[in-house]
Each structure stands twice: as C-alpha cells, then as structure tokens.
$ cat protein_5.txt   # compact mmCIF, C-alpha atoms
# COMPACT_ATOMS: atom_id res chain seq x y z
CA MET Z 9 10.06 54.42 -132.72
CA THR Z 10 10.11 53.44 -136.35
CA SER Z 11 9.98 49.84 -137.51
CA ASP Z 12 13.11 48.28 -138.94
CA PRO Z 13 13.39 48.65 -142.71
CA SER Z 14 13.08 45.60 -144.90
CA PRO Z 15 16.58 44.85 -146.20
CA TYR Z 16 17.59 44.58 -149.83
CA THR Z 17 18.70 41.18 -151.14
CA ARG Z 18 22.36 40.23 -151.34
CA PRO Z 19 23.67 39.17 -154.75
CA ARG Z 20 23.89 35.47 -155.43
CA PRO Z 21 27.51 34.27 -155.79
CA GLY Z 22 29.03 35.11 -159.16
CA THR Z 23 26.26 37.42 -160.29
CA GLN Z 24 28.26 40.59 -159.62
CA PRO Z 25 31.92 41.17 -160.48
CA PRO Z 26 34.58 40.78 -157.79
CA THR Z 27 36.60 43.79 -156.67
CA LEU Z 28 39.82 42.01 -157.70
CA TYR Z 29 39.89 40.61 -161.23
CA PRO Z 30 43.55 40.49 -162.29
CA ALA Z 31 42.77 40.17 -166.00
CA TYR Z 32 41.54 43.75 -165.63
CA GLN Z 33 44.87 45.03 -164.38
CA SER Z 34 43.71 48.27 -162.83
CA THR Z 35 41.77 46.27 -160.23
CA VAL Z 36 44.99 44.92 -158.72
CA LYS Z 37 45.84 48.07 -156.75
CA ARG Z 38 42.31 49.36 -156.42
CA SER Z 39 40.66 46.43 -154.65
CA PRO Z 40 40.54 46.09 -150.84
CA LYS Z 41 42.41 43.21 -149.18
CA ARG Z 42 40.01 42.97 -146.26
CA ALA Z 43 36.50 41.63 -146.68
CA PRO Z 44 33.88 44.35 -146.40
CA ILE Z 45 31.98 44.56 -143.13
CA ARG Z 46 28.53 43.11 -143.43
CA PHE Z 47 25.70 44.52 -141.40
CA GLU Z 48 21.95 44.67 -141.62
CA HIS Z 49 20.47 47.52 -143.59
CA THR Z 50 19.26 50.55 -141.73
CA LEU Z 51 17.44 53.65 -142.90
CA SER Z 52 20.81 54.91 -144.16
CA GLU Z 53 20.99 52.17 -146.80
CA VAL Z 54 17.37 51.74 -147.85
CA THR Z 55 16.80 55.45 -148.38
CA GLY Z 56 18.41 57.31 -151.24
CA PRO Z 57 18.13 60.37 -153.42
CA SER Z 58 15.05 60.99 -155.49
CA PHE Z 59 15.25 62.67 -158.87
CA ALA Z 60 11.59 62.47 -159.73
CA ASP Z 61 11.22 66.24 -159.85
CA GLY Z 62 12.27 66.68 -163.43
CA TRP Z 63 16.00 67.12 -163.25
CA ALA Z 64 16.19 65.75 -166.76
CA GLY Z 65 13.81 66.42 -169.59
CA PRO Z 66 13.05 64.71 -172.88
CA GLU Z 67 15.63 66.81 -174.70
CA ALA Z 68 18.37 65.24 -172.57
CA ALA Z 69 17.38 61.80 -173.87
CA ASP Z 70 18.12 62.65 -177.52
CA LEU Z 71 21.88 62.66 -178.03
CA THR Z 72 21.51 63.32 -181.75
CA ARG Z 73 20.14 66.84 -181.38
CA GLN Z 74 22.49 68.50 -178.94
CA HIS Z 75 24.44 70.36 -181.62
CA GLN Z 76 23.83 72.18 -184.89
CA GLY Z 77 24.38 69.15 -187.09
CA SER Z 78 23.68 65.47 -186.86
CA PRO Z 79 26.35 63.22 -185.38
CA LEU Z 80 28.05 60.67 -187.62
CA GLY Z 81 27.23 57.03 -187.09
CA GLU Z 82 24.44 54.56 -186.96
CA ARG Z 83 21.38 56.12 -185.30
CA ILE Z 84 19.95 53.85 -182.60
CA ILE Z 85 17.08 53.80 -180.15
CA VAL Z 86 17.86 52.29 -176.77
CA GLN Z 87 14.70 51.59 -174.86
CA GLY Z 88 13.75 49.55 -171.86
CA ARG Z 89 12.58 49.52 -168.29
CA ILE Z 90 14.15 49.66 -164.89
CA LEU Z 91 12.84 46.74 -162.84
CA ASP Z 92 13.53 45.23 -159.46
CA GLU Z 93 14.26 41.55 -158.96
CA ASP Z 94 10.57 40.81 -158.64
CA GLY Z 95 9.89 42.38 -162.02
CA ARG Z 96 8.27 45.47 -160.56
CA PRO Z 97 8.97 48.72 -162.42
CA VAL Z 98 11.10 51.37 -160.74
CA PRO Z 99 9.51 54.73 -161.52
CA GLY Z 100 10.89 58.20 -161.09
CA THR Z 101 14.52 57.23 -160.99
CA LEU Z 102 17.37 59.03 -162.74
CA ILE Z 103 19.28 57.29 -165.53
CA GLU Z 104 22.55 58.85 -166.66
CA LEU Z 105 24.23 57.73 -169.88
CA TRP Z 106 27.61 58.44 -171.44
CA GLN Z 107 29.46 56.97 -174.38
CA CYS Z 108 32.09 57.53 -177.06
CA ASN Z 109 31.27 58.56 -180.59
CA ALA Z 110 30.92 56.33 -183.65
CA ALA Z 111 34.68 56.43 -184.20
CA GLY Z 112 35.41 55.19 -180.68
CA ARG Z 113 36.48 58.49 -179.06
CA TYR Z 114 35.09 60.15 -175.95
CA HIS Z 115 34.50 63.87 -175.74
CA HIS Z 116 36.95 63.91 -172.83
CA PRO Z 117 40.44 65.44 -172.53
CA VAL Z 118 41.95 62.23 -171.15
CA ASP Z 119 40.93 60.28 -174.26
CA GLN Z 120 43.82 60.57 -176.71
CA HIS Z 121 42.80 57.73 -179.01
CA ASP Z 122 43.78 58.59 -182.58
CA ALA Z 123 40.22 58.75 -183.85
CA PRO Z 124 38.26 61.86 -184.77
CA LEU Z 125 36.08 63.79 -182.38
CA ASP Z 126 32.63 64.54 -183.73
CA PRO Z 127 31.69 68.20 -183.21
CA ASN Z 128 28.05 67.16 -183.28
CA PHE Z 129 28.26 64.55 -180.57
CA THR Z 130 28.96 64.92 -176.86
CA GLY Z 131 27.75 61.47 -175.84
CA VAL Z 132 25.87 62.42 -172.67
CA GLY Z 133 22.21 61.94 -171.79
CA GLN Z 134 19.85 61.72 -168.85
CA ILE Z 135 16.26 60.72 -168.28
CA VAL Z 136 13.95 60.06 -165.35
CA THR Z 137 11.94 56.84 -165.69
CA GLY Z 138 8.20 57.01 -166.13
CA ALA Z 139 5.53 55.44 -163.95
CA ASP Z 140 6.16 52.04 -165.51
CA GLY Z 141 9.94 52.26 -165.18
CA PHE Z 142 10.19 53.08 -168.89
CA TYR Z 143 13.01 54.98 -170.58
CA ARG Z 144 14.05 55.68 -174.16
CA PHE Z 145 17.22 57.24 -175.56
CA LEU Z 146 18.03 58.21 -179.12
CA THR Z 147 21.76 58.13 -179.82
CA ILE Z 148 24.33 56.70 -182.22
CA LYS Z 149 26.05 53.37 -181.95
CA PRO Z 150 29.41 53.85 -180.20
CA GLY Z 151 32.60 52.50 -181.75
CA ALA Z 152 35.09 50.05 -180.30
CA TYR Z 153 38.34 51.55 -179.05
CA PRO Z 154 41.75 50.39 -177.86
CA TRP Z 155 42.84 50.49 -174.23
CA ARG Z 156 46.09 49.70 -172.47
CA ASN Z 157 45.06 46.79 -170.28
CA THR Z 158 47.14 44.44 -172.42
CA PRO Z 159 48.83 44.95 -175.80
CA ASN Z 160 46.32 45.34 -178.61
CA ALA Z 161 43.32 45.19 -176.28
CA TRP Z 162 40.03 46.63 -177.53
CA ARG Z 163 36.89 47.47 -175.63
CA PRO Z 164 33.71 46.17 -177.24
CA ALA Z 165 31.24 48.88 -178.21
CA HIS Z 166 29.38 49.90 -175.07
CA ILE Z 167 27.24 52.56 -173.48
CA HIS Z 168 27.72 53.48 -169.81
CA PHE Z 169 24.62 53.69 -167.65
CA GLY Z 170 24.12 54.90 -164.10
CA VAL Z 171 20.85 54.21 -162.27
CA PHE Z 172 19.84 55.13 -158.72
CA GLY Z 173 16.74 53.13 -157.84
CA PRO Z 174 14.81 53.64 -154.61
CA GLY Z 175 17.66 53.40 -152.09
CA PHE Z 176 21.38 54.06 -151.84
CA ALA Z 177 21.78 50.27 -151.68
CA THR Z 178 20.26 49.92 -155.17
CA ARG Z 179 22.79 52.18 -156.89
CA LEU Z 180 24.00 50.65 -160.15
CA VAL Z 181 26.63 51.78 -162.64
CA THR Z 182 27.00 49.45 -165.56
CA GLN Z 183 27.73 49.14 -169.28
CA MET Z 184 25.50 47.95 -172.09
CA TYR Z 185 26.97 45.89 -174.92
CA PHE Z 186 25.66 44.89 -178.34
CA PRO Z 187 24.65 41.38 -179.41
CA GLY Z 188 27.14 39.36 -181.42
CA ASP Z 189 30.16 41.56 -180.70
CA PRO Z 190 33.27 39.38 -181.18
CA LEU Z 191 35.22 41.56 -178.72
CA LEU Z 192 33.08 40.44 -175.79
CA ALA Z 193 34.96 37.15 -175.59
CA TYR Z 194 38.20 39.04 -175.01
CA ASP Z 195 36.97 41.79 -172.71
CA PRO Z 196 37.88 41.29 -169.03
CA ILE Z 197 35.44 43.93 -167.87
CA TYR Z 198 32.52 42.11 -169.46
CA GLN Z 199 33.93 38.71 -168.47
CA SER Z 200 34.49 39.69 -164.84
CA THR Z 201 31.00 38.53 -163.86
CA ALA Z 202 31.29 34.76 -163.50
CA ASP Z 203 27.63 33.87 -163.84
CA ALA Z 204 26.81 33.57 -167.55
CA ALA Z 205 23.13 34.42 -167.15
CA ALA Z 206 23.96 37.54 -165.16
CA ARG Z 207 26.55 38.55 -167.76
CA GLU Z 208 23.95 38.21 -170.52
CA ARG Z 209 21.97 40.96 -168.82
CA LEU Z 210 24.63 43.37 -170.05
CA ILE Z 211 23.83 42.70 -173.71
CA CYS Z 212 20.94 44.54 -175.29
CA ALA Z 213 18.62 42.80 -177.75
CA TYR Z 214 17.94 43.97 -181.26
CA ASP Z 215 14.18 44.48 -181.50
CA PRO Z 216 12.65 45.14 -184.92
CA GLU Z 217 9.52 46.40 -183.17
CA LEU Z 218 11.56 49.28 -181.79
CA SER Z 219 13.29 50.19 -185.02
CA GLU Z 220 11.83 53.16 -186.86
CA ALA Z 221 11.62 52.85 -190.63
CA GLU Z 222 14.09 55.01 -192.57
CA TRP Z 223 15.36 56.40 -189.28
CA ALA Z 224 16.94 54.29 -186.53
CA LEU Z 225 17.64 50.75 -185.31
CA GLY Z 226 15.98 49.73 -182.07
CA TYR Z 227 17.59 47.93 -179.14
CA ARG Z 228 15.91 46.81 -175.95
CA PHE Z 229 17.79 46.97 -172.66
CA ASP Z 230 16.11 46.39 -169.32
CA MET Z 231 18.14 46.96 -166.17
CA VAL Z 232 17.34 45.01 -163.01
CA LEU Z 233 18.09 46.46 -159.58
CA ARG Z 234 18.27 44.67 -156.26
CA GLY Z 235 14.89 43.94 -154.74
CA ARG Z 236 13.68 43.51 -151.22
CA ALA Z 237 14.36 40.35 -149.28
CA ALA Z 238 10.78 40.66 -148.05
CA THR Z 239 7.96 42.92 -149.12
CA PRO Z 240 8.06 46.07 -147.02
CA ALA Z 241 5.01 46.95 -145.00
CA ASP Z 242 4.43 49.98 -147.19
CA PRO Z 243 5.98 49.44 -150.62
CA ALA Z 244 4.74 52.79 -151.90
CA ARG Z 245 7.58 54.85 -153.24
CA GLY Z 246 6.47 58.27 -154.33
CA ALA Z 247 7.05 58.75 -158.03
CA MET U 19 7.97 32.33 -154.25
CA ALA U 20 8.28 33.32 -157.88
CA ALA U 21 11.73 33.15 -159.41
CA LYS U 22 13.53 36.42 -159.11
CA LEU U 23 15.22 38.21 -161.96
CA THR U 24 19.00 38.35 -161.69
CA PRO U 25 20.13 41.93 -161.08
CA THR U 26 22.22 43.60 -163.75
CA PRO U 27 25.94 43.27 -162.96
CA SER U 28 27.94 46.35 -162.11
CA GLN U 29 30.66 47.53 -164.51
CA THR U 30 33.38 50.09 -163.93
CA VAL U 31 32.70 53.79 -164.46
CA GLY U 32 35.93 53.81 -166.48
CA PRO U 33 38.24 56.81 -166.96
CA PHE U 34 35.80 58.98 -168.89
CA PHE U 35 32.85 59.15 -166.48
CA HIS U 36 33.29 62.90 -166.03
CA ILE U 37 31.43 63.70 -169.23
CA GLY U 38 28.34 61.92 -168.00
CA LEU U 39 28.50 62.17 -164.23
CA ASP U 40 30.71 65.00 -163.04
CA ARG U 41 28.60 68.01 -162.07
CA PRO U 42 30.84 70.19 -159.91
CA GLU U 43 27.87 71.91 -158.30
CA TRP U 44 26.82 68.58 -156.77
CA GLY U 45 29.89 68.77 -154.54
CA ASP U 46 28.09 71.46 -152.53
CA LEU U 47 25.07 70.02 -150.72
CA THR U 48 24.35 73.41 -149.16
CA ARG U 49 23.37 75.14 -152.39
CA GLY U 50 19.77 75.41 -151.20
CA ASN U 51 20.89 76.98 -147.90
CA PRO U 52 19.70 74.18 -145.62
CA THR U 53 19.44 74.31 -141.83
CA GLY U 54 22.48 73.01 -139.97
CA GLU U 55 26.17 73.38 -139.31
CA ARG U 56 28.03 73.83 -142.59
CA ILE U 57 31.20 71.77 -142.93
CA ALA U 58 33.70 70.92 -145.64
CA ILE U 59 35.08 67.40 -146.01
CA GLU U 60 38.42 67.07 -147.77
CA GLY U 61 40.68 64.16 -148.45
CA ARG U 62 42.29 61.95 -151.01
CA VAL U 63 41.55 58.64 -152.64
CA LEU U 64 44.65 56.42 -152.59
CA ASP U 65 45.45 53.05 -154.13
CA GLY U 66 47.41 50.06 -152.80
CA ASP U 67 50.72 51.79 -153.55
CA GLY U 68 49.64 54.92 -151.74
CA ALA U 69 49.35 56.64 -155.11
CA PRO U 70 46.54 59.13 -155.62
CA VAL U 71 43.57 57.98 -157.67
CA PRO U 72 42.83 60.81 -160.08
CA ASP U 73 39.81 59.19 -161.69
CA ALA U 74 37.59 58.36 -158.73
CA MET U 75 34.13 59.61 -157.94
CA ILE U 76 32.46 59.75 -154.55
CA GLU U 77 28.73 59.91 -153.96
CA LEU U 78 27.33 60.98 -150.60
CA TRP U 79 23.97 60.32 -148.98
CA GLN U 80 22.98 61.69 -145.61
CA ALA U 81 20.20 62.78 -143.31
CA ASN U 82 19.42 66.42 -142.64
CA ALA U 83 20.50 68.30 -139.53
CA ALA U 84 17.58 66.87 -137.58
CA GLY U 85 18.48 63.31 -138.52
CA ARG U 86 15.79 62.69 -141.12
CA TYR U 87 16.32 61.41 -144.64
CA ASN U 88 14.56 63.08 -147.53
CA HIS U 89 12.90 59.84 -148.57
CA PRO U 90 9.40 58.37 -148.11
CA GLU U 91 10.66 55.38 -146.14
CA ASP U 92 11.92 57.66 -143.40
CA ARG U 93 8.72 58.08 -141.41
CA GLN U 94 10.13 59.92 -138.41
CA GLU U 95 7.25 62.35 -138.33
CA ASP U 96 8.62 63.92 -135.14
CA LYS U 97 11.61 65.27 -137.07
CA PRO U 98 11.27 68.00 -139.69
CA LEU U 99 12.08 67.54 -143.35
CA ASP U 100 14.25 70.32 -144.71
CA PRO U 101 12.88 71.44 -148.08
CA ASN U 102 16.27 72.99 -148.80
CA PHE U 103 18.25 69.79 -148.37
CA ARG U 104 18.22 66.84 -150.74
CA GLY U 105 20.98 64.96 -148.92
CA PHE U 106 22.81 63.74 -152.02
CA GLY U 107 26.20 64.85 -153.27
CA ARG U 108 28.79 63.80 -155.81
CA VAL U 109 32.39 64.81 -156.36
CA ALA U 110 35.22 63.61 -158.59
CA THR U 111 38.86 63.52 -157.51
CA ASP U 112 41.35 65.87 -159.13
CA ALA U 113 44.74 65.03 -160.67
CA GLU U 114 46.23 64.58 -157.17
CA GLY U 115 43.39 62.38 -155.97
CA HIS U 116 41.93 65.20 -153.86
CA PHE U 117 38.27 65.84 -153.27
CA ARG U 118 36.31 68.45 -151.35
CA VAL U 119 32.62 68.59 -150.56
CA VAL U 120 30.61 71.12 -148.61
CA THR U 121 27.61 69.92 -146.66
CA ILE U 122 25.93 70.13 -143.25
CA LYS U 123 26.52 67.85 -140.32
CA PRO U 124 23.76 65.25 -140.32
CA GLY U 125 21.78 64.50 -137.20
CA PRO U 126 21.67 61.02 -135.64
CA VAL U 127 19.33 58.50 -137.27
CA PRO U 128 17.68 55.34 -135.96
CA GLY U 129 19.45 52.02 -136.27
CA ARG U 130 17.83 48.64 -136.06
CA GLY U 131 15.87 47.81 -132.96
CA ASN U 132 16.06 50.62 -130.46
CA ALA U 133 19.60 51.61 -131.39
CA LEU U 134 20.58 55.13 -132.35
CA GLN U 135 23.20 55.59 -135.04
CA ALA U 136 25.75 58.34 -134.55
CA PRO U 137 25.73 61.08 -137.21
CA HIS U 138 27.24 59.72 -140.39
CA ILE U 139 27.35 60.13 -144.15
CA THR U 140 27.16 57.06 -146.40
CA LEU U 141 29.59 57.04 -149.32
CA ALA U 142 29.72 55.11 -152.57
CA VAL U 143 33.16 55.14 -154.20
CA PHE U 144 33.62 54.58 -157.93
CA ALA U 145 36.75 54.61 -160.10
CA ARG U 146 38.43 53.24 -163.15
CA GLY U 147 39.77 49.88 -162.00
CA MET U 148 36.77 49.31 -159.74
CA LEU U 149 34.30 46.89 -161.27
CA ILE U 150 31.78 47.59 -158.55
CA HIS U 151 31.49 50.56 -156.25
CA LEU U 152 32.49 50.32 -152.61
CA TYR U 153 30.42 51.64 -149.74
CA THR U 154 31.74 53.20 -146.58
CA ARG U 155 30.67 55.78 -144.00
CA ILE U 156 32.05 59.00 -142.61
CA TYR U 157 31.58 59.52 -138.88
CA PHE U 158 32.85 62.55 -136.95
CA ALA U 159 35.76 61.88 -134.60
CA ASP U 160 34.67 64.09 -131.73
CA ASP U 161 31.09 62.91 -131.46
CA PRO U 162 30.26 61.27 -128.10
CA ARG U 163 27.47 59.30 -129.78
CA ASN U 164 30.07 57.27 -131.69
CA ALA U 165 30.64 55.12 -128.59
CA ALA U 166 27.15 53.63 -128.84
CA ASP U 167 26.96 53.44 -132.63
CA PRO U 168 26.13 49.83 -133.66
CA LEU U 169 28.45 49.72 -136.66
CA LEU U 170 31.43 51.39 -134.99
CA SER U 171 30.95 49.24 -131.90
CA ALA U 172 31.02 46.09 -134.01
CA ILE U 173 34.54 46.89 -135.30
CA GLU U 174 36.93 45.59 -132.67
CA ASP U 175 40.17 46.87 -134.19
CA ALA U 176 40.55 50.53 -133.24
CA ALA U 177 42.75 51.27 -136.24
CA ILE U 178 40.16 49.89 -138.66
CA ARG U 179 37.39 51.71 -136.81
CA GLY U 180 39.44 54.88 -137.08
CA THR U 181 39.35 54.75 -140.87
CA LEU U 182 35.67 55.70 -140.66
CA LEU U 183 36.33 58.85 -138.63
CA ALA U 184 36.69 62.24 -140.22
CA ARG U 185 38.98 64.45 -138.16
CA PRO U 186 38.93 68.21 -137.62
CA ALA U 187 41.48 69.77 -139.95
CA GLY U 188 41.27 73.48 -139.55
CA ALA U 189 38.96 76.29 -138.69
CA GLY U 190 38.06 77.40 -142.16
CA ASN U 191 34.73 78.78 -143.14
CA PRO U 192 33.16 76.31 -143.20
CA PRO U 193 35.39 74.26 -140.88
CA VAL U 194 37.25 71.45 -142.61
CA TRP U 195 37.11 67.76 -141.75
CA HIS U 196 39.72 65.41 -143.18
CA PHE U 197 38.78 61.98 -144.54
CA ASP U 198 40.96 59.84 -146.80
CA ILE U 199 39.70 56.83 -148.69
CA VAL U 200 42.39 54.15 -148.98
CA LEU U 201 41.33 51.47 -151.42
CA GLN U 202 44.00 48.97 -150.36
CA GLY U 203 46.93 48.54 -148.00
CA ASP U 204 47.96 49.20 -144.42
CA ASN U 205 45.50 51.97 -143.77
CA GLU U 206 42.80 50.46 -145.91
CA THR U 207 39.41 52.02 -145.32
CA ALA U 208 36.77 49.85 -143.71
CA PHE U 209 34.38 49.17 -146.55
CA LEU U 210 30.85 47.99 -145.97
CA ASP U 211 28.99 45.09 -147.49
CA ILE U 212 25.57 46.60 -147.95

$ encode --input "protein_5.txt" --output "structure tokens"
Amino acid sequence: MTSDPSPYTRPRPGTQPPTLYPAYQSTVKRSPKRAPIRFEHTLSEVTGPSFADGWAGPEAADLTRQHQGSPLGERIIVQGRILDEDGRPVPGTLIELWQCNAAGRYHHPVDQHDAPLDPNFTGVGQIVTGADGFYRFLTIKPGAYPWRNTPNAWRPAHIHFGVFGPGFATRLVTQMYFPGDPLLAYDPIYQSTADAAARERLICAYDPELSEAEWALGYRFDMVLRGRAATPADPARGA
Amino acid sequence: MAAKLTPTPSQTVGPFFHIGLDRPEWGDLTRGNPTGERIAIEGRVLDGDGAPVPDAMIELWQANAAGRYNHPEDRQEDKPLDPNFRGFGRVATDAEGHFRVVTIKPGPVPGRGNALQAPHITLAVFARGMLIHLYTRIYFADDPRNAADPLLSAIEDAAIRGTLLARPAGAGNPPVWHFDIVLQGDNETAFLDI
C-alpha cells in the first residue's frame, strides 16, 4: 500500500477568476451551472507530466531569431522564476509562451485584425526551467489589439504563458501584462480576479538590472503555482 | 507558518492558443508504442446552447496499462513503469467542436486509504471564454470496477455520474469510445474541484 499523497492547497477566495464573469461575455455560455465536485487529491491529481528531458532548447526561448530577419518592435527580455506558494523554485517544468506581434496581430488564421503580420515573427516560444526555477525569454513587446467583447474594446498588451508544475493540479495558463498600461482598467479578463494583490501578480515589473545596454529592455515576471497544504514526506521531485 | 505567496491567477487561453500550444502529434499518446490496449476517444465540446466549441483544448493525464503514473510520487514499485508511455496528451477541437485522441486504457490506480480507483483519465479543459480550466475525468462505461470507485460512488445522481463515462462507439482500429464535454446545460459534464 502507498501512503496518501499530500494534497495541494485550494485557492483563497477571490484569488482566481470565477468561471462566470459576465463582463467577459464569452464566459456566459461556457461556464458550468453546477458547482464542481470537490474531493481529496489522489495520485491522479498530484502526479503530472514531466518535461525535464529537454523538449525545448535555448533556441526556442529566443523569439527574435526564428526567421531570416529581425522582427519589428521593441526588443524585450522577460525573465523570472517559477515558484510554489512557499517560495520554493519549481525546476524542470515546461513553460510555453505565445503572443501577437508588435502591431497587435497573431500569426493565426482566425486573427483578422487589420494590422500587418510580421514575416519575421511567429510569437511562439518554449523553455524548461532550470534547477532554480529560472527562465528567460527574448522577444518583442506585443501590441494592443481590438476584440469584440463590447464595442471598441481593446486588450491590453499581454503575453500568454502556460506552465505545468509538478502535478496535474498545478497546471496554470495565464497572461502577463505590462506595468502602467491604461487598458488594464477596462479589461474584463484582467479584472476578473477579484483580489487586487493576486491580480497584481499578472503584471511584470520593469527591471533596469535585466535590461541590456543598446539591446533590450528587461522585465521580471515570476509565476507562483499552488503549493502543498503540508510538506510531503518526500518532497524530492526529480529535475 | 510563514506567509504563503499568492498563486498567479489563471487567464483564458483565448482564441489564438493554437500557435503556442497545439501540437497535433500530442493527440496520440501511443506514439512510443506503449504496452496496453489501444483505444481512441472521440467527442465534442459543447456550450450552454448546445453549440460546438471550436476553440477548446483538452489535456489528458493518465496512468499506464499497469496503473502506474510516470511520476516520482507514484511509488508503486510492484507495478512496472512503461518507458514508452509518458501519459500526457493534448488535443484541440476542430471547427465542429470535435476532438479525437488515441491512447491506451489505463490500469486502476490507488485512491485514498485502501480504496482502488477504477481506470480513468484526468482531463483539463481550456477554451476562449474560460478564465480558468475545468477538470474532469473519463471512466469507461463497461468496467466493473466503476461500482467501487470512490469518486463515482460519491455522485448520487446517475445522470450526472453518467457524464463521466465514455461509451463504446464502434469497433474501429483502435476501438472508439465516445465522450462529450458539455460546459453548461442539461447534460452538463460533472466537473471536479481539484
């Protein structure tokens, strides 16, 4: 017999978005009416896929060198760590990133925004975190773009991130925003998280220490995954 | 206890996730030729109007045929790991909300206490219009072990319980199991708070 796994924490009220947030109209028909069924975590929830075996390499973390020429836009470094709630680094986990170009257009057939595509920018990257949970991407700052949620609605500039963490219960897909963006006040996706401190986690910080002279602006963005309600008997998680 | 950091809030995958996340080969978990009974799982993702959701993504996580997860916290040393089976899959829906994955039937895995969980696959469902992903499970309708499964047993309403059951849907090669994911409405899938 195996011992019961130590469960992951549940989010504190307001620190994650609800499934139904009518200001974001697409949630109205895509949110369940019944409350989800709560049960204690088993092996099925605390285990999850590992991507520590080099599925992504350093070249996938530089979005500015995936084509013959350089993409248009403001070159930026996005760097940070993946941590759990106790501040412990999460090593060996896959981060996936996607974004629009500097003009606010995705390299995607569904995106028909009247802004130019950039033949030198796809807007896709991956990396596996290092032993200290560290990651670093080089990319360009994405543009704002209109969407049809309400008339004349605009998404603030953002970069999409997906992170796995140690278990299927720690899976996180989120968006990173930029400090001081006036569109944040009007964006229901950003505003959907009620807790202001939790919401702030979605905004990266400009960090002059990360900027590289004559080359790129540096932003710091740590992502925090759910932690354990109690320390597991054997916290070792192979990197 | 030291103050904990607040976890980063979830945000929707949006309508353009395919460029970053859609890798069609990840819809086939049998690429490495693992041990076990190969099956296909097909279905649709539907919204509260019964309309197909063409911009959804499903991630799958499961044990191998012996009922062991490819993860260091699964310490069932009596069961073999399958070096050819990672246990993770991902598939996006098409314009009609359809998806299809190919995998192997997982073995049963331990529950809490001395319970045994019937064979199941854990799903995470993402879409435009979903601010946070939803979890659910696929069980297999004909499995006698379902009767003693702790989660299924805890759902009193048979119709709700039935939303977690994939049903045989044809003797293809591999055989097809049908499983719809209904985000809202009369046949709403039982989602799990994990």

$ residues_near_point --input "protein_5.txt" --point "(36.1, 54.1, -147.4)" --cutoff "10 Å" --atoms "only C-alpha atoms" --output "MDAnalysis selection string"
(chainID Z and resid 40) or (chainID U and resid 63 76 140:143 152:156 181:183 197:202 206:210)

$ atom_distance --input "protein_5.txt" --atom1 "CA of Pro42 in chain U" --atom2 "CA of Glu77 in chain U"
12.1 Å

$ residues_around --input "protein_5.txt" --residues "Ser171 in chain U" --least-positions-apart "4" --cutoff "12 Å" --atoms "all atoms listed in the file" --output "list in words"
Phe47 of chain Z; Ala133, Leu134, Gln135, Ala136, Arg163, Asn164, Ala165, Ala166, Asp167, Asp175, Ala176, Ile178, Arg179, Gly180 and Leu182 of chain U

$ residues_around --input "protein_5.txt" --residues "Thr48 in chain U" --least-positions-apart "2" --cutoff "8 Å" --atoms "only C-alpha atoms" --output "count of residues only"
9

$ interface_residues --input "protein_5.txt" --of "chain U" --to "chain Z" --cutoff "8 Å" --atoms "all atoms listed in the file" --output "number ranges by chain"
U: 20-31, 33-39, 65-67, 79-81, 87-94, 104-106, 127-132, 140, 146-150, 169, 201-203, 206, 208-212

$ residues_around --input "protein_5.txt" --residues "range 97-100 of chain Z" --least-positions-apart "6" --cutoff "7 Å" --atoms "only C-alpha atoms" --output "mmCIF file with C-alpha atoms, keeping the file's coordinate frame"
data_model
loop_
_atom_site.group_PDB
_atom_site.id
_atom_site.type_symbol
_atom_site.label_atom_id
_atom_site.label_comp_id
_atom_site.auth_asym_id
_atom_site.auth_seq_id
_atom_site.Cartn_x
_atom_site.Cartn_y
_atom_site.Cartn_z
ATOM 1 C CA PHE Z 59 15.250 62.670 -158.870
ATOM 2 C CA ALA Z 60 11.590 62.470 -159.730
ATOM 3 C CA ARG Z 89 12.580 49.520 -168.290
ATOM 4 C CA ILE Z 90 14.150 49.660 -164.890
ATOM 5 C CA LEU Z 91 12.840 46.740 -162.840
ATOM 6 C CA VAL Z 136 13.950 60.060 -165.350
ATOM 7 C CA THR Z 137 11.940 56.840 -165.690
ATOM 8 C CA GLY Z 138 8.200 57.010 -166.130
ATOM 9 C CA ALA Z 139 5.530 55.440 -163.950
ATOM 10 C CA ASP Z 140 6.160 52.040 -165.510
ATOM 11 C CA GLY Z 141 9.940 52.260 -165.180
ATOM 12 C CA GLY Z 173 16.740 53.130 -157.840
ATOM 13 C CA ALA Z 247 7.050 58.750 -158.030
#

$ atom_distance --input "protein_5.txt" --atom1 "CA of Asp126 in chain Z" --atom2 "CA of Arg108 in chain U"
28.2 Å

$ atom_distance --input "protein_5.txt" --atom1 "CA of Arg86 in chain U" --atom2 "CA of Ala238 in chain Z"
23.6 Å

$ residues_around --input "protein_5.txt" --residues "Ala123 in chain Z" --least-positions-apart "5" --cutoff "8 Å" --atoms "only C-alpha atoms" --output "list of chain:residue names"
Z:Ala111, Z:Gly112, Z:Arg113

$ closest_residue --input "protein_5.txt" --among "U:Gly61, U:Pro126, U:Gly54, U:Pro70" --to "Asn102 in chain U" --atoms "all atoms listed in the file"
U:Gly54

$ closest_residue --input "protein_5.txt" --among "Z:Ile84, Z:Gln199, Z:Phe172, Z:Pro79" --to "Leu125 in chain Z" --atoms "only C-alpha atoms"
Z:Pro79

$ decode --input "protein_5.txt" --residues "range 141-153 of chain Z" --atoms "C-alpha atoms" --output "mmCIF file, in the first residue's frame"
data_model
loop_
_atom_site.group_PDB
_atom_site.id
_atom_site.type_symbol
_atom_site.label_atom_id
_atom_site.label_comp_id
_atom_site.auth_asym_id
_atom_site.auth_seq_id
_atom_site.Cartn_x
_atom_site.Cartn_y
_atom_site.Cartn_z
ATOM 1 C CA GLY Z 141 13.077 27.536 -11.387
ATOM 2 C CA PHE Z 142 14.673 30.149 -13.638
ATOM 3 C CA TYR Z 143 13.591 31.038 -17.169
ATOM 4 C CA ARG Z 144 14.423 33.774 -19.658
ATOM 5 C CA PHE Z 145 12.812 34.684 -22.975
ATOM 6 C CA LEU Z 146 13.918 37.205 -25.563
ATOM 7 C CA THR Z 147 11.012 38.557 -27.592
ATOM 8 C CA ILE Z 148 9.390 41.804 -28.703
ATOM 9 C CA LYS Z 149 6.760 43.747 -26.846
ATOM 10 C CA PRO Z 150 3.317 42.731 -28.144
ATOM 11 C CA GLY Z 151 0.832 45.364 -29.279
ATOM 12 C CA ALA Z 152 -2.671 46.021 -28.010
ATOM 13 C CA TYR Z 153 -5.487 44.835 -30.239
#
